[in-house]
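A.B. asks: Data file my_file06.csv (CSV, C-alpha atoms) is appended below.
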chain,number,residue,atom,x,y,z
A,1,MET,CA,0.0,0.0,0.0
A,2,SER,CA,1.3,3.5,-0.9
A,3,GLN,CA,2.1,6.2,1.7
A,4,LYS,CA,-0.8,8.2,0.5
A,5,ASN,CA,-3.2,5.3,1.0
A,6,TRP,CA,-1.9,4.6,4.5
A,7,TYR,CA,-2.4,8.3,5.3
A,8,TRP,CA,-6.0,8.4,4.1
A,9,LEU,CA,-6.9,5.1,5.8
A,10,GLY,CA,-5.7,6.6,9.1
A,11,ARG,CA,-7.5,9.9,8.4
A,12,ALA,CA,-10.8,8.0,7.9
A,13,ALA,CA,-10.4,6.3,11.2
A,14,ILE,CA,-9.5,9.6,13.0
A,15,ASP,CA,-12.4,11.4,11.5
A,16,ALA,CA,-14.8,8.7,12.5
A,17,TYR,CA,-13.5,8.6,16.1
A,18,ALA,CA,-13.4,12.4,16.5
A,19,HIS,CA,-17.0,12.9,15.4
A,20,MET,CA,-18.2,10.0,17.5
A,21,MET,CA,-16.4,10.9,20.8
A,22,PHE,CA,-15.9,14.6,20.7
A,23,LYS,CA,-18.0,17.7,20.5
A,24,LEU,CA,-15.9,19.3,17.9
A,25,ASP,CA,-15.9,23.1,17.5
A,26,VAL,CA,-13.9,24.6,14.7
A,27,VAL,CA,-13.8,28.3,13.8
A,28,ARG,CA,-11.7,29.5,10.9
A,29,TYR,CA,-10.9,33.2,10.5
A,30,ALA,CA,-9.7,32.9,6.9
A,31,PRO,CA,-9.6,30.3,4.1
A,32,LEU,CA,-6.5,28.1,4.0
A,33,PRO,CA,-4.1,29.2,1.3
A,34,ARG,CA,-3.2,26.8,-1.5
A,35,GLY,CA,0.1,25.0,-1.5
A,36,PRO,CA,2.4,23.9,1.4
A,37,LYS,CA,1.9,25.5,4.7
A,38,LEU,CA,3.0,25.1,8.3
A,39,PHE,CA,0.2,24.5,10.9
A,40,ALA,CA,1.5,25.6,14.4
A,41,ALA,CA,-0.7,24.8,17.4
A,42,ASN,CA,-0.5,24.6,21.2
A,43,HIS,CA,-0.4,21.1,22.7
A,44,PRO,CA,-2.7,20.4,25.7
A,45,SER,CA,-3.1,16.7,25.1
A,46,THR,CA,-1.2,13.7,23.6
A,47,LEU,CA,-3.6,13.1,20.7
A,48,ASP,CA,-3.6,16.8,19.4
A,49,PRO,CA,-1.6,15.8,16.2
A,50,ALA,CA,-4.5,13.7,15.0
A,51,TRP,CA,-7.1,16.4,15.4
A,52,VAL,CA,-5.0,19.2,14.0
A,53,MET,CA,-4.3,17.0,11.0
A,54,MET,CA,-8.1,17.1,10.3
A,55,LEU,CA,-7.9,20.8,9.4
A,56,ALA,CA,-6.3,20.2,6.1
A,57,ASP,CA,-8.0,18.7,3.0
A,58,GLU,CA,-4.7,17.4,1.7
A,59,GLN,CA,-2.1,15.0,3.0
A,60,THR,CA,0.0,16.5,5.7
A,61,SER,CA,2.9,15.3,7.8
A,62,VAL,CA,3.1,15.8,11.5
A,63,LEU,CA,6.3,16.1,13.5
A,64,ILE,CA,5.7,13.9,16.5
A,65,LEU,CA,7.9,12.9,19.4
A,66,ASP,CA,9.6,9.6,18.9
A,67,THR,CA,7.8,8.0,21.8
A,68,LEU,CA,4.7,7.2,19.7
A,69,PHE,CA,6.8,5.8,16.9
A,70,ASN,CA,8.1,3.2,19.4
A,71,VAL,CA,4.6,1.9,20.1
A,72,PRO,CA,4.2,-1.5,18.4
A,73,LEU,CA,2.0,-1.3,15.2
A,74,PHE,CA,1.0,2.3,15.8
A,75,GLY,CA,4.6,3.4,15.2
A,76,ALA,CA,4.7,1.4,12.0
A,77,TYR,CA,1.5,3.1,10.8
A,78,LEU,CA,3.0,6.6,11.5
A,79,ARG,CA,6.0,5.9,9.4
A,80,ARG,CA,4.0,4.4,6.6
A,81,ALA,CA,1.7,7.4,6.6
A,82,GLY,CA,4.6,9.8,6.1
A,83,HIS,CA,4.8,11.4,9.6
A,84,VAL,CA,8.1,12.5,11.1
A,85,SER,CA,9.7,11.2,14.3
A,86,VAL,CA,11.3,13.8,16.5
A,87,THR,CA,14.1,12.6,18.8
A,88,PRO,CA,14.9,15.5,21.2
A,89,ALA,CA,18.6,14.8,21.2
A,90,ILE,CA,18.9,14.9,17.4
A,91,GLY,CA,16.0,17.2,16.5
A,92,ARG,CA,18.0,18.6,13.5
A,93,GLU,CA,17.1,15.5,11.5
A,94,ALA,CA,13.3,16.1,12.0
A,95,PHE,CA,13.8,19.8,11.2
A,96,ASP,CA,15.6,19.0,7.9
A,97,GLU,CA,12.9,16.4,7.0
A,98,GLY,CA,10.2,19.0,7.6
A,99,VAL,CA,12.0,21.5,5.3
A,100,ARG,CA,12.3,18.8,2.6
A,101,LEU,CA,8.6,18.0,2.8
A,102,LEU,CA,7.6,21.7,2.6
A,103,GLN,CA,9.9,22.2,-0.4
A,104,ALA,CA,8.3,19.2,-2.0
A,105,GLY,CA,4.8,20.7,-1.6
A,106,ARG,CA,3.6,18.9,1.5
A,107,SER,CA,2.0,20.8,4.4
A,108,VAL,CA,3.4,20.1,7.9
A,109,VAL,CA,2.0,20.2,11.4
A,110,GLN,CA,4.2,21.3,14.3
A,111,PHE,CA,3.8,22.1,18.0
A,112,PRO,CA,6.2,25.0,18.8
A,113,GLU,CA,6.1,24.3,22.6
A,114,GLY,CA,7.9,21.0,21.8
A,115,ASP,CA,6.1,19.2,24.6
A,116,ILE,CA,2.6,18.9,26.2
A,117,SER,CA,1.5,22.3,27.6
A,118,PRO,CA,1.9,22.7,31.3
A,119,LEU,CA,-0.5,20.5,33.2
A,120,GLU,CA,-1.5,23.4,35.5
A,121,GLY,CA,-2.5,25.5,32.4
A,122,GLY,CA,-0.7,28.0,30.3
A,123,PHE,CA,1.9,27.5,27.6
A,124,HIS,CA,5.6,26.8,27.2
A,125,ARG,CA,7.9,29.3,25.5
A,126,PRO,CA,8.1,28.2,21.8
A,127,HIS,CA,11.1,26.6,20.2
A,128,THR,CA,12.3,28.3,17.0
A,129,GLY,CA,11.8,25.4,14.5
A,130,VAL,CA,8.5,26.7,13.0
A,131,ALA,CA,10.0,30.2,12.5
A,132,ARG,CA,13.2,28.9,10.9
A,133,GLN,CA,11.3,26.6,8.5
A,134,ALA,CA,8.9,29.3,7.5
A,135,LEU,CA,11.8,31.7,6.8
A,136,LEU,CA,13.8,29.1,5.0
A,137,VAL,CA,11.1,27.8,2.7
A,138,GLY,CA,8.9,30.9,2.5
A,139,VAL,CA,5.6,29.1,3.4
A,140,PRO,CA,2.8,30.7,5.4
A,141,VAL,CA,2.3,29.7,9.1
A,142,ILE,CA,-1.3,28.8,10.1
A,143,PRO,CA,-1.7,29.4,13.8
A,144,VAL,CA,-4.1,27.1,15.6
A,145,GLY,CA,-5.4,27.6,19.2
A,146,ILE,CA,-6.8,24.5,21.0
A,147,SER,CA,-8.9,24.3,24.1
A,148,LEU,CA,-10.6,21.4,25.8
A,149,GLN,CA,-12.2,20.3,29.1
A,150,ARG,CA,-9.1,20.0,31.3
A,151,GLU,CA,-11.0,18.1,34.0
A,152,ARG,CA,-11.5,15.3,31.5
A,153,ILE,CA,-7.7,14.8,30.9
A,154,HIS,CA,-6.4,11.4,32.1
A,155,LEU,CA,-2.8,11.0,33.0
A,156,ARG,CA,-1.5,7.5,32.2
A,157,LYS,CA,2.0,6.2,32.8
A,158,SER,CA,3.3,3.5,30.4
A,159,LYS,CA,6.5,1.9,29.4
A,160,VAL,CA,7.7,2.1,25.8
A,161,ARG,CA,10.9,0.1,25.2
A,162,GLY,CA,11.7,0.2,28.9
A,163,LYS,CA,11.3,3.9,29.2
A,164,GLU,CA,8.4,5.3,31.4
A,165,GLU,CA,6.3,7.9,29.6
A,166,LEU,CA,3.4,10.0,30.9
A,167,GLY,CA,0.6,10.3,28.5
A,168,THR,CA,-1.9,13.2,28.7
A,169,TRP,CA,-5.0,11.5,27.3
A,170,TYR,CA,-8.1,13.3,26.3
A,171,LEU,CA,-10.5,10.7,24.8
A,172,SER,CA,-13.9,12.4,24.7
A,173,GLY,CA,-15.5,15.8,25.5
A,174,ARG,CA,-15.5,19.3,24.0
A,175,TYR,CA,-12.6,20.1,21.7
A,176,ALA,CA,-12.3,23.5,20.2
A,177,MET,CA,-9.9,24.7,17.6
A,178,THR,CA,-9.6,28.3,16.3
A,179,VAL,CA,-7.7,28.6,13.0
A,180,GLY,CA,-6.1,32.0,12.5
A,181,ARG,CA,-5.3,34.0,9.4
A,182,PRO,CA,-2.1,32.9,7.5
A,183,LEU,CA,1.1,34.6,8.8
A,184,HIS,CA,3.8,35.5,6.4
A,185,PHE,CA,7.4,36.1,7.4
A,186,ARG,CA,10.5,37.2,5.5
A,187,GLY,CA,14.0,37.8,6.8
A,188,ASN,CA,17.4,36.4,7.6
A,189,VAL,CA,17.1,32.9,9.2
A,190,GLU,CA,20.7,33.3,10.5
A,191,ASP,CA,19.7,36.3,12.6
A,192,ARG,CA,18.9,34.6,15.9
A,193,THR,CA,17.3,37.7,17.5
A,194,TYR,CA,14.9,38.0,14.6
A,195,VAL,CA,14.1,34.3,14.6
A,196,ARG,CA,13.3,34.4,18.3
A,197,HIS,CA,11.1,37.5,17.6
A,198,VAL,CA,9.2,35.6,14.9
A,199,SER,CA,8.8,32.5,17.1
A,200,ASP,CA,7.3,34.6,19.9
A,201,GLN,CA,5.0,36.4,17.4
A,202,ILE,CA,3.7,33.0,16.2
A,203,MET,CA,3.2,31.8,19.8
A,204,GLU,CA,1.3,35.1,20.7
A,205,HIS,CA,-1.1,34.4,17.9
A,206,ILE,CA,-1.6,30.8,19.0
A,207,ILE,CA,-2.2,31.8,22.6
A,208,GLY,CA,-4.8,34.4,21.5
A,209,LEU,CA,-6.6,31.8,19.4
A,210,ALA,CA,-6.4,29.3,22.3
A,211,HIS,CA,-8.2,31.8,24.5
A,212,ASP,CA,-10.9,32.2,21.8
A,213,SER,CA,-11.4,28.5,21.9
A,214,ALA,CA,-11.4,28.4,25.7
A,215,GLY,CA,-14.1,31.0,25.7
A,216,ARG,CA,-16.4,28.8,23.5
A,217,VAL,CA,-15.7,25.7,25.6
A,218,GLN,CA,-16.6,27.6,28.8
A,219,ALA,CA,-19.7,29.2,27.3
A,220,ALA,CA,-21.0,25.8,26.2
A,221,GLN,CA,-20.6,24.5,29.7
A,222,GLN,CA,-22.5,27.3,31.4
A,223,PRO,CA,-26.2,26.8,32.3
A,224,ALA,CA,-28.5,29.6,31.1
A,225,ALA,CA,-31.4,30.9,33.3
A,226,GLY,CA,-33.9,28.1,33.5
A,227,PHE,CA,-32.4,25.7,31.0
A,228,MET,CA,-29.1,24.1,29.9
A,229,LEU,CA,-27.2,25.4,26.9
A,230,ARG,CA,-27.4,23.1,24.0
A,231,PRO,CA,-24.3,22.6,21.7
A,232,VAL,CA,-24.3,25.3,19.0
A,233,GLN,CA,-23.0,24.7,15.5
A,234,ILE,CA,-20.4,27.4,14.9
A,235,ALA,CA,-20.1,28.5,11.4
A,236,ASP,CA,-17.1,27.6,9.3
A,237,LEU,CA,-15.9,30.9,8.0
A,238,ARG,CA,-14.2,29.5,5.0
Show the structure stored in the file as structure tokens.

C.D. replies:
Amino acid sequence: MSQKNWYWLGRAAIDAYAHMMFKLDVVRYAPLPRGPKLFAANHPSTLDPAWVMMLADEQTSVLILDTLFNVPLFGAYLRRAGHVSVTPAIGREAFDEGVRLLQAGRSVVQFPEGDISPLEGGFHRPHTGVARQALLVGVPVIPVGISLQRERIHLRKSKVRGKEELGTWYLSGRYAMTVGRPLHFRGNVEDRTYVRHVSDQIMEHIIGLAHDSAGRVQAAQQPAAGFMLRPVQIADLR
């Protein structure tokens, strides 16, 4: 089976699960541009890569920490579907592969925080990979802000190849994503100060969009006078 077929087989399963188990709430502030693009999102739960991937109508590759690639069968699927393993000690390899994919016309999903967002809430300071890739290849960055019902997160410890890992599992509930307008950057990728500035700019957009998503999640959970709020279908602004 080809990589493309593996990808769309997985996407079909992801779409089915998401619509069965989640109250999905997606708002888009602008249409997605044609061609390769970099989706950059915050990372409140382990399975965020699957749900962010659903935002694109074309095949995308997600940069995912190598832990999931070490899970039997699932790791094999990730490789066959064209996703990219990120090993923290040698992150340059994943960075270069992301650049190669973007140059070849593939959209890529990344999580600038580099890890699950703080369990107590808030955000990590972003790494610079998204900014450097955007500057190198000249592709737009699509910021995505995610929010969910934090009380429904389940922490699970497991061993993968003898190494203990903590999973932040969110398997059902409200899941909101706000997709921002494309961000375009130009400049010297060797200028570290500028790259850091671009990284922080991207993260500021993500945080603002995550707050938009959080507002909708909270509003949907609040009882109105005399009755309970029913889920509201939020218009897709494409």

A.B. asks: Name all residues at most 7 Å from region 194-203 of chain A (count only C-alpha atoms; drop same-chain ones fewer than 5 positions away) and give them as a PyMOL selection string.

C.D. replies: chain A and resi 126+128+131-132+143+189

A.B. asks: Excluding Gly173 (chain A) and its own-chain neighbours fewer than 4 positions away, which residues fall within 7 Å of it when counting only C-alpha atoms? Please give them as a list in words.

C.D. replies: Met21, Phe22, Lys23 and Gln149 of chain A

A.B. asks: Measuring between all atoms listed in the file, which one of A:Tyr175, A:Gly167, A:Ala76, A:Arg150 shows the shortest distance to Ala220 (chain A)?

C.D. replies: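 Checking each of A:Tyr175, A:Gly167, A:Ala76, A:Arg150 against Ala220 (chain A), counting all atoms listed in the file, the winner is A:Tyr175.
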
A.B. asks: Leaving out Gln59 (chain A) and any residue of its chain fewer than 4 positions from it, which residues lie within 9 Å of it when counting all atoms listed in the file, given as a PyMOL selection string?

C.D. replies: chain A and resi 4+7-8+53+106-108

A.B. asks: Can you spit out the residues from that selection as a JSON list (two decimals), keeping the file's coordinate frame, using C-alpha atoms?

C.D. replies:
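File produced: part.json:
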[["chain", "number", "residue", "atom", "x", "y", "z"],
["A", 4, "LYS", "CA", -0.80, 8.20, 0.50],
["A", 7, "TYR", "CA", -2.40, 8.30, 5.30],
["A", 8, "TRP", "CA", -6.00, 8.40, 4.10],
["A", 53, "MET", "CA", -4.30, 17.00, 11.00],
["A", 106, "ARG", "CA", 3.60, 18.90, 1.50],
["A", 107, "SER", "CA", 2.00, 20.80, 4.40],
["A", 108, "VAL", "CA", 3.40, 20.10, 7.90]]

A.B. asks: Give the answer as one residue: which of A:Phe111, A:Trp6, A:Phe69, A:Phe95 has the shortest atom-to-atom distance to Pro49 (chain A), using only C-alpha atoms?

C.D. replies: A:Phe111

A.B. asks: From the set A:Gln3, A:Ser117, A:Asn188, A:Gln110, which residue has the shortest atom-to-atom contact distance to Val137 (chain A), counting all atoms listed in the file?

C.D. replies: A:Asn188

A.B. asks: How many Å lie between CA of Gly114 (chain A) and CA of Val144 (chain A), rounded to one decimal?

C.D. replies: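 CA of Val144 (chain A) lies at a distance of 14.8 Å from CA of Gly114 (chain A).
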
A.B. asks: What is the CA of Gln103 (chain A) to CA of Val139 (chain A) distance in Å?

C.D. replies: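 Rounded to one decimal, the two atoms are 9.0 Å apart.
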
A.B. asks: Using only C-alpha atoms, which of the listed residues (A:Leu68, A:Gly91, A:Arg100, A:Leu55) sits closest to Val27 (chain A)?

C.D. replies: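 Of A:Leu68, A:Gly91, A:Arg100, A:Leu55, the one nearest Val27 (chain A) is A:Leu55, counting only C-alpha atoms.
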
A.B. asks: Would you mind reading off the distance between CA of Ile146 (chain A) and CA of Leu101 (chain A), one decimal, in Å?

C.D. replies: 24.7 Å

A.B. asks: Would you mind telling me which residue in A:Ile64, A:Arg152, A:Ala12, A:Trp51 lies nearest to Thr87 (chain A) when using all atoms listed in the file?

C.D. replies: A:Ile64

A.B. asks: List as a PDB file with C-alpha atoms, in the frame of the given file the protein and nucleic acid residues near region 42-45 of chain A, meaning an atom at most 8 Å away when only C-alpha atoms are counted, but skip any in the same chain fewer than 3 places from it.

C.D. replies:
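Written file, result.pdb:
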ATOM      1  CA  ASP A  48      -3.600  16.800  19.400  1.00  0.00           C
ATOM      2  CA  PHE A 111       3.800  22.100  18.000  1.00  0.00           C
ATOM      3  CA  PRO A 112       6.200  25.000  18.800  1.00  0.00           C
ATOM      4  CA  GLU A 113       6.100  24.300  22.600  1.00  0.00           C
ATOM      5  CA  ASP A 115       6.100  19.200  24.600  1.00  0.00           C
ATOM      6  CA  ILE A 116       2.600  18.900  26.200  1.00  0.00           C
ATOM      7  CA  SER A 117       1.500  22.300  27.600  1.00  0.00           C
ATOM      8  CA  PRO A 118       1.900  22.700  31.300  1.00  0.00           C
ATOM      9  CA  LEU A 119      -0.500  20.500  33.200  1.00  0.00           C
ATOM     10  CA  PHE A 123       1.900  27.500  27.600  1.00  0.00           C
ATOM     11  CA  VAL A 144      -4.100  27.100  15.600  1.00  0.00           C
ATOM     12  CA  GLY A 145      -5.400  27.600  19.200  1.00  0.00           C
ATOM     13  CA  ILE A 146      -6.800  24.500  21.000  1.00  0.00           C
ATOM     14  CA  SER A 147      -8.900  24.300  24.100  1.00  0.00           C
ATOM     15  CA  LEU A 148     -10.600  21.400  25.800  1.00  0.00           C
ATOM     16  CA  ILE A 153      -7.700  14.800  30.900  1.00  0.00           C
ATOM     17  CA  THR A 168      -1.900  13.200  28.700  1.00  0.00           C
ATOM     18  CA  TRP A 169      -5.000  11.500  27.300  1.00  0.00           C
ATOM     19  CA  TYR A 170      -8.100  13.300  26.300  1.00  0.00           C
ATOM     20  CA  ILE A 206      -1.600  30.800  19.000  1.00  0.00           C
ATOM     21  CA  ILE A 207      -2.200  31.800  22.600  1.00  0.00           C
ATOM     22  CA  ALA A 210      -6.400  29.300  22.300  1.00  0.00           C
TER      23      ALA A 210
END

A.B. asks: Missing atoms in region 69-88 of chain A should be modelled up to N, CA and C atoms and reported as a short mmCIF file (atom, residue, chain, number, x, y, z; two decimals), keeping the file's coordinate frame.

C.D. replies:
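Listed below is the output, rebuild_14.cif:
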data_model
loop_
_atom_site.label_atom_id
_atom_site.label_comp_id
_atom_site.auth_asym_id
_atom_site.auth_seq_id
_atom_site.Cartn_x
_atom_site.Cartn_y
_atom_site.Cartn_z
N PHE A 69 6.31 6.66 18.00
CA PHE A 69 6.80 5.80 16.90
C PHE A 69 7.38 4.49 17.47
N ASN A 70 7.61 4.43 18.78
CA ASN A 70 8.10 3.20 19.40
C ASN A 70 6.99 2.28 19.88
N VAL A 71 5.73 2.74 19.75
CA VAL A 71 4.60 1.90 20.10
C VAL A 71 4.37 0.86 19.04
N PRO A 72 4.35 -0.43 19.39
CA PRO A 72 4.20 -1.50 18.40
C PRO A 72 2.91 -1.22 17.51
N LEU A 73 3.01 -1.48 16.25
CA LEU A 73 2.00 -1.30 15.20
C LEU A 73 1.64 0.13 14.96
N PHE A 74 1.33 0.91 16.01
CA PHE A 74 1.00 2.30 15.80
C PHE A 74 2.18 3.07 15.21
N GLY A 75 3.38 2.80 15.74
CA GLY A 75 4.60 3.40 15.20
C GLY A 75 4.81 3.10 13.76
N ALA A 76 4.56 1.83 13.42
CA ALA A 76 4.70 1.40 12.00
C ALA A 76 3.75 2.17 11.12
N TYR A 77 2.51 2.35 11.61
CA TYR A 77 1.50 3.10 10.80
C TYR A 77 2.02 4.54 10.61
N LEU A 78 2.52 5.19 11.67
CA LEU A 78 3.00 6.60 11.50
C LEU A 78 4.03 6.72 10.46
N ARG A 79 4.97 5.81 10.43
CA ARG A 79 6.00 5.90 9.40
C ARG A 79 5.45 5.67 8.02
N ARG A 80 4.59 4.67 7.88
CA ARG A 80 4.00 4.40 6.60
C ARG A 80 3.14 5.49 6.04
N ALA A 81 2.55 6.27 6.97
CA ALA A 81 1.70 7.40 6.60
C ALA A 81 2.43 8.67 6.30
N GLY A 82 3.76 8.66 6.48
CA GLY A 82 4.60 9.80 6.10
C GLY A 82 4.77 10.84 7.22
N HIS A 83 4.54 10.47 8.49
CA HIS A 83 4.80 11.40 9.60
C HIS A 83 6.26 11.32 10.00
N VAL A 84 6.68 12.29 10.79
CA VAL A 84 8.10 12.50 11.10
C VAL A 84 8.39 12.31 12.55
N SER A 85 9.32 11.42 12.87
CA SER A 85 9.70 11.20 14.30
C SER A 85 10.71 12.25 14.72
N VAL A 86 10.44 12.80 15.91
CA VAL A 86 11.30 13.80 16.50
C VAL A 86 12.01 13.23 17.71
N THR A 87 13.31 13.06 17.63
CA THR A 87 14.10 12.60 18.80
C THR A 87 14.75 13.86 19.36
N PRO A 88 14.40 14.24 20.60
CA PRO A 88 14.90 15.50 21.20
C PRO A 88 16.38 15.71 21.05
#
